[in-house]
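Following: one structure in structure tokens, then a few remarks.
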Amino acid sequence: MSFVGKMQAFAKLSSKESAADFEADKAAAAQIKTFEEISRTMQKAKTYLKSNLDTPGTKTELKQIEEDFAIAGDGVFTNKGTAQTFRNLTATSKILAELLNKANSRKLKLEIRQHDLSSVRYQLDSLLSVPALFKFSTDSTTLMKYLQKIQVIAYETGPVDTSLKIAANNVQTLLNQVNMTVFKLQSSLEEIESYQQEMAGHTFKREFANIWEPQGFYRPFSEILDFSKTKGLLTFSFYVENNAGKIFVLFLLILTSFVYLRSLKNIYVKANLLKPELEGQLVLRYPLLSATLIVISLFQFFFPAPPFILNVVFWTVSCICLSVIFRGYVSRYWLRVWLVMVLFFLLAAGDNLVLQASRMERWFMLFCAMIGVVVGFFTMLKGHQEELKEKWITWAIGFMVLLEVAAVIANMFGRYNLAKTFFISGFLNVVIAILFLWTVRLINEGLLMAFNVYSGQDRKLFFLNPEKVGKQAPALFYVLMVLGWLVLFGRNFPSFDYLSKPLLNFFSAERTLGNYTFSINNMLLFVAIMGTAVLISKVVSFFASDRHTASGKDNKGIGSWLLLVRISILCIGLFLAVAAAGIPVDRITIVLGALGVGIGFGLQTLVNNLVSGLIIAFEKPVNVGDIVDIAGQGGTMKSIGFRSSVISNWDGADVVVPNGDILNAHLVNWSLGGNRKRLSIMIGIAYDADLEKSRQILKDILSKDDRISKSPGPIVQFEQFSDSAIDLRIYFWTKHIGEAFATRSDLIIAITAAFKEQEVKMPVPQQEIYLRNMDVPGKVD
């Protein structure tokens, strides 16, 4: 072989060796990286395995769900009796829905745990099967070391992989149990829904024999009471637990309303405006009770599908409050009628909490309904209509009589569910009607009394129209009252949910506009929250700012801080509205971008005024109530708004000044200096007057006037010899700028009188004119 051939063979051999070395180095690098990933994954798996699954907690919760399911199913799935009852089906469905939520929550946690375990196992298995791990070195020494490392990795990953498998099996076992529980709860809810649909479609169906005939199924009444109490308390506890935030807000609103009514009462007491008989002022008799009644009557509609026992608590508290308010105000006859109606309502409500039918309960319902009919007829026939404060009450009593007559007939002929619905609805309709009528009246009284007290209203904040607020409540209040009564009355009928479901579905159905999905409920919720925020900001500003009450006292507010308070309330309202409505943040970003373009082209002045308002609120160069001079406009700062402020000038007009002009103009704030103002009076006295005596007279006059400040004190200063008098000037400070000009006027009167009495002359300016006779030389006329 020639030399060239040998060199070519050597080059090929070297190339192969270099390529082999490169592949070996590449495989070694991949192996090192893979080993590092395996170590990190194992550490992650060990850490995750240390956070043990709450297996005992899951089993305990499943056991508790089974026990609660047994309680809920009593009278529906077990001990069924002859027929199902509407109230028992409703209570059972609420309990099962809550149990289903708990089971689904536990199921979600287990599924997340299972997914995490599977991800870790998959990641570990993927790393152990990387092809680079199975590329072995041709060097025996290197190969032995690598195999030892592989053996160590296998030794370390074995227990971890086994633990992951065991944990995954345990999770799967628990998940199977939870899935079975979820399936059973869902099936039970569907079965209850079929019962409810059947009951709603056959309202007049006979469930039992006539009341005088033998009963087909017997269960001890004490046993029925026991399981009804247990099931009712379970429903109540679940609902309170899920709506603890709303209940807290309810108490907070009661406290806020009480503070307002109590402060309003204090104003009326100080102004001696309370009437002895409290006619038109009943809302102030017991502020706490009035606040409780008003807030509960309104806020109860914010509790979706509440259990009946919670409604009974609300209505009982409201009845107690109204009974105490009534005492000594309504006539004794109508007070007794009200208390009798409350008693009937409590008996009917207690009976409505009994969840399974019995012959004893049917006789109790029949007896109470018949007495209610007699009492209702007696109440309407006896008269005393002239003593009735709200005439609509007689209509409610008449409707109660009709419903109780229907309850008696339905009960006698075995229509148990229909009879029970009429029985509770009859007495409930009277109590709710009276509660709502007086709630409307108390609200109207509170608005009217607020209008009478807060006479200096500002339309930019919160305005009460005296033409719409009077002794008779606005018609809108009564329309809302009737709608609320219909909702509470209709909840007692099985068909109410199915009649209202299409309307609820219409509002809750999701709609698509472009890429944005929304529902009418979300939009209404957004508008409601923002409207509430705006209303709260205005009400807070109205009651916290300076207001002249009927007693003539000026209550200082918190000034320009109100602007920050209003901005904070509106920002919180916007945040809550966006979160509640589910509006995507990226849509808000687009809107803000569009606003930025608008600001760049034509909204500079508006933004300048808005930012100036914030600067005024923080730096406080001027506050609400300050006496100011701004670009020739002098007066009292009445309000500081987002874009503009209002100055009440000396002529009585309100001048709207943009906030930007306030900061750009030369602002004179008299209030920053303590509302003082320095004035001067120029006086001329005769040349032959006693100057020291004149000075003393002036000092005595100035010292006696309480409107003149003593520190710094007044100054009497002689200034110059004028043509006909010696000029002196008085310098003095008034304690308040509002008294400055009146003080100067009174001082001029007092000085003139004192100088006349002390015979100090104040010569008037005069000139002597000499006429020269030009016809006769040297003669002057």
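Starting from 1 in every chain, residues are counted up; chains themselves are A, B, ... following the order of the structure tokens, and ligands are numbered from 1 as listed.
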Item to check | segment 651-749 of chain A: residues DSSP assigns to strand (DSSP E), reported as a ChimeraX atom specification | outcome: /A:654-658,667-669,677-685,715-721,726-734
Please produce a file of the residues just selected, as a CSV table (one decimal), in the first residue's frame, where the atoms kept are C-alpha atoms.
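New file part-v7.csv:
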chain,number,residue,atom,x,y,z
A,654,ASP,CA,-74.0,78.1,44.1
A,655,VAL,CA,-71.0,78.5,41.8
A,656,VAL,CA,-69.7,75.3,40.1
A,657,VAL,CA,-65.9,75.6,39.8
A,658,PRO,CA,-63.8,72.9,38.0
A,667,LEU,CA,-56.6,80.5,46.1
A,668,VAL,CA,-57.3,82.6,49.2
A,669,ASN,CA,-58.4,80.4,52.1
A,677,LYS,CA,-59.7,89.0,59.0
A,678,ARG,CA,-57.9,92.2,59.6
A,679,LEU,CA,-59.8,95.5,58.9
A,680,SER,CA,-59.0,99.2,59.3
A,681,ILE,CA,-60.9,102.4,59.7
A,682,MET,CA,-59.6,105.8,58.8
A,683,ILE,CA,-60.7,108.7,61.1
A,684,GLY,CA,-60.0,112.4,60.9
A,685,ILE,CA,-60.0,114.6,64.1
A,715,ILE,CA,-53.9,99.3,67.1
A,716,VAL,CA,-54.7,103.0,67.1
A,717,GLN,CA,-52.1,104.8,65.0
A,718,PHE,CA,-51.8,108.5,64.0
A,719,GLU,CA,-50.7,108.7,60.4
A,720,GLN,CA,-50.5,112.2,59.0
A,721,PHE,CA,-51.5,115.8,59.0
A,726,ILE,CA,-55.2,114.8,61.8
A,727,ASP,CA,-55.7,111.3,60.3
A,728,LEU,CA,-55.6,108.3,62.5
A,729,ARG,CA,-56.2,104.7,61.5
A,730,ILE,CA,-57.6,101.8,63.6
A,731,TYR,CA,-56.3,98.3,62.8
A,732,PHE,CA,-58.1,95.3,64.3
A,733,TRP,CA,-58.7,91.6,63.8
A,734,THR,CA,-62.2,90.0,63.8
Next on the checklist: Let's see if you can do this: from backbone DSSP, list all alpha helix (DSSP H) residues in segment 127-376 of chain A, as number ranges by chain.
Outcome noted: A: 127-128, 140-201, 221-242, 244-270, 287-299, 308-326, 332-352, 359-376
Next on the checklist: Just to confirm, what's the straight-line distance from atom CA of Lys184 of chain A to atom CA of Gly73 of chain A in Å (one decimal)?
Outcome noted: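 Computed distance, atom CA of Lys184 of chain A to atom CA of Gly73 of chain A, equals 11.8 Å.
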Next on the checklist: One number please: atom CA of Ser194 of chain A to atom CA of Asp68 of chain A, in Å, one decimal.
Outcome noted: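 We find that atom CA of Ser194 of chain A and atom CA of Asp68 of chain A lie 21.3 Å from each other.
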Item to check | Near-Leu418 of chain A list (8 Å; only C-alpha atoms; drop same-chain fewer than 5 positions) as a PyMOL selection string | outcome: chain A and resi 203-204+407+410-411
Can those selected residues be exported to a file as a PDB file, in the first residue's frame so that it contains N, CA, C and O atoms?
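Final file, part.pdb:
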ATOM      1  N   THR A 203    -101.943  18.488  42.189  1.00  0.00           N
ATOM      2  CA  THR A 203    -102.122  19.274  43.414  1.00  0.00           C
ATOM      3  C   THR A 203    -103.331  18.813  44.203  1.00  0.00           C
ATOM      4  O   THR A 203    -103.299  18.777  45.447  1.00  0.00           O
ATOM      5  N   PHE A 204    -104.405  18.442  43.531  1.00  0.00           N
ATOM      6  CA  PHE A 204    -105.657  18.105  44.216  1.00  0.00           C
ATOM      7  C   PHE A 204    -105.817  16.594  44.427  1.00  0.00           C
ATOM      8  O   PHE A 204    -106.912  16.118  44.712  1.00  0.00           O
ATOM      9  N   ALA A 407    -108.506  24.899  53.657  1.00  0.00           N
ATOM     10  CA  ALA A 407    -107.693  23.926  54.390  1.00  0.00           C
ATOM     11  C   ALA A 407    -108.569  22.935  55.136  1.00  0.00           C
ATOM     12  O   ALA A 407    -108.270  21.731  55.173  1.00  0.00           O
ATOM     13  N   ALA A 410    -110.115  20.511  52.446  1.00  0.00           N
ATOM     14  CA  ALA A 410    -109.114  19.603  51.897  1.00  0.00           C
ATOM     15  C   ALA A 410    -108.646  18.593  52.937  1.00  0.00           C
ATOM     16  O   ALA A 410    -108.429  17.410  52.617  1.00  0.00           O
ATOM     17  N   ASN A 411    -108.519  19.006  54.180  1.00  0.00           N
ATOM     18  CA  ASN A 411    -108.071  18.106  55.239  1.00  0.00           C
ATOM     19  C   ASN A 411    -109.097  17.033  55.523  1.00  0.00           C
ATOM     20  O   ASN A 411    -108.756  15.857  55.712  1.00  0.00           O
TER      21      ASN A 411
END
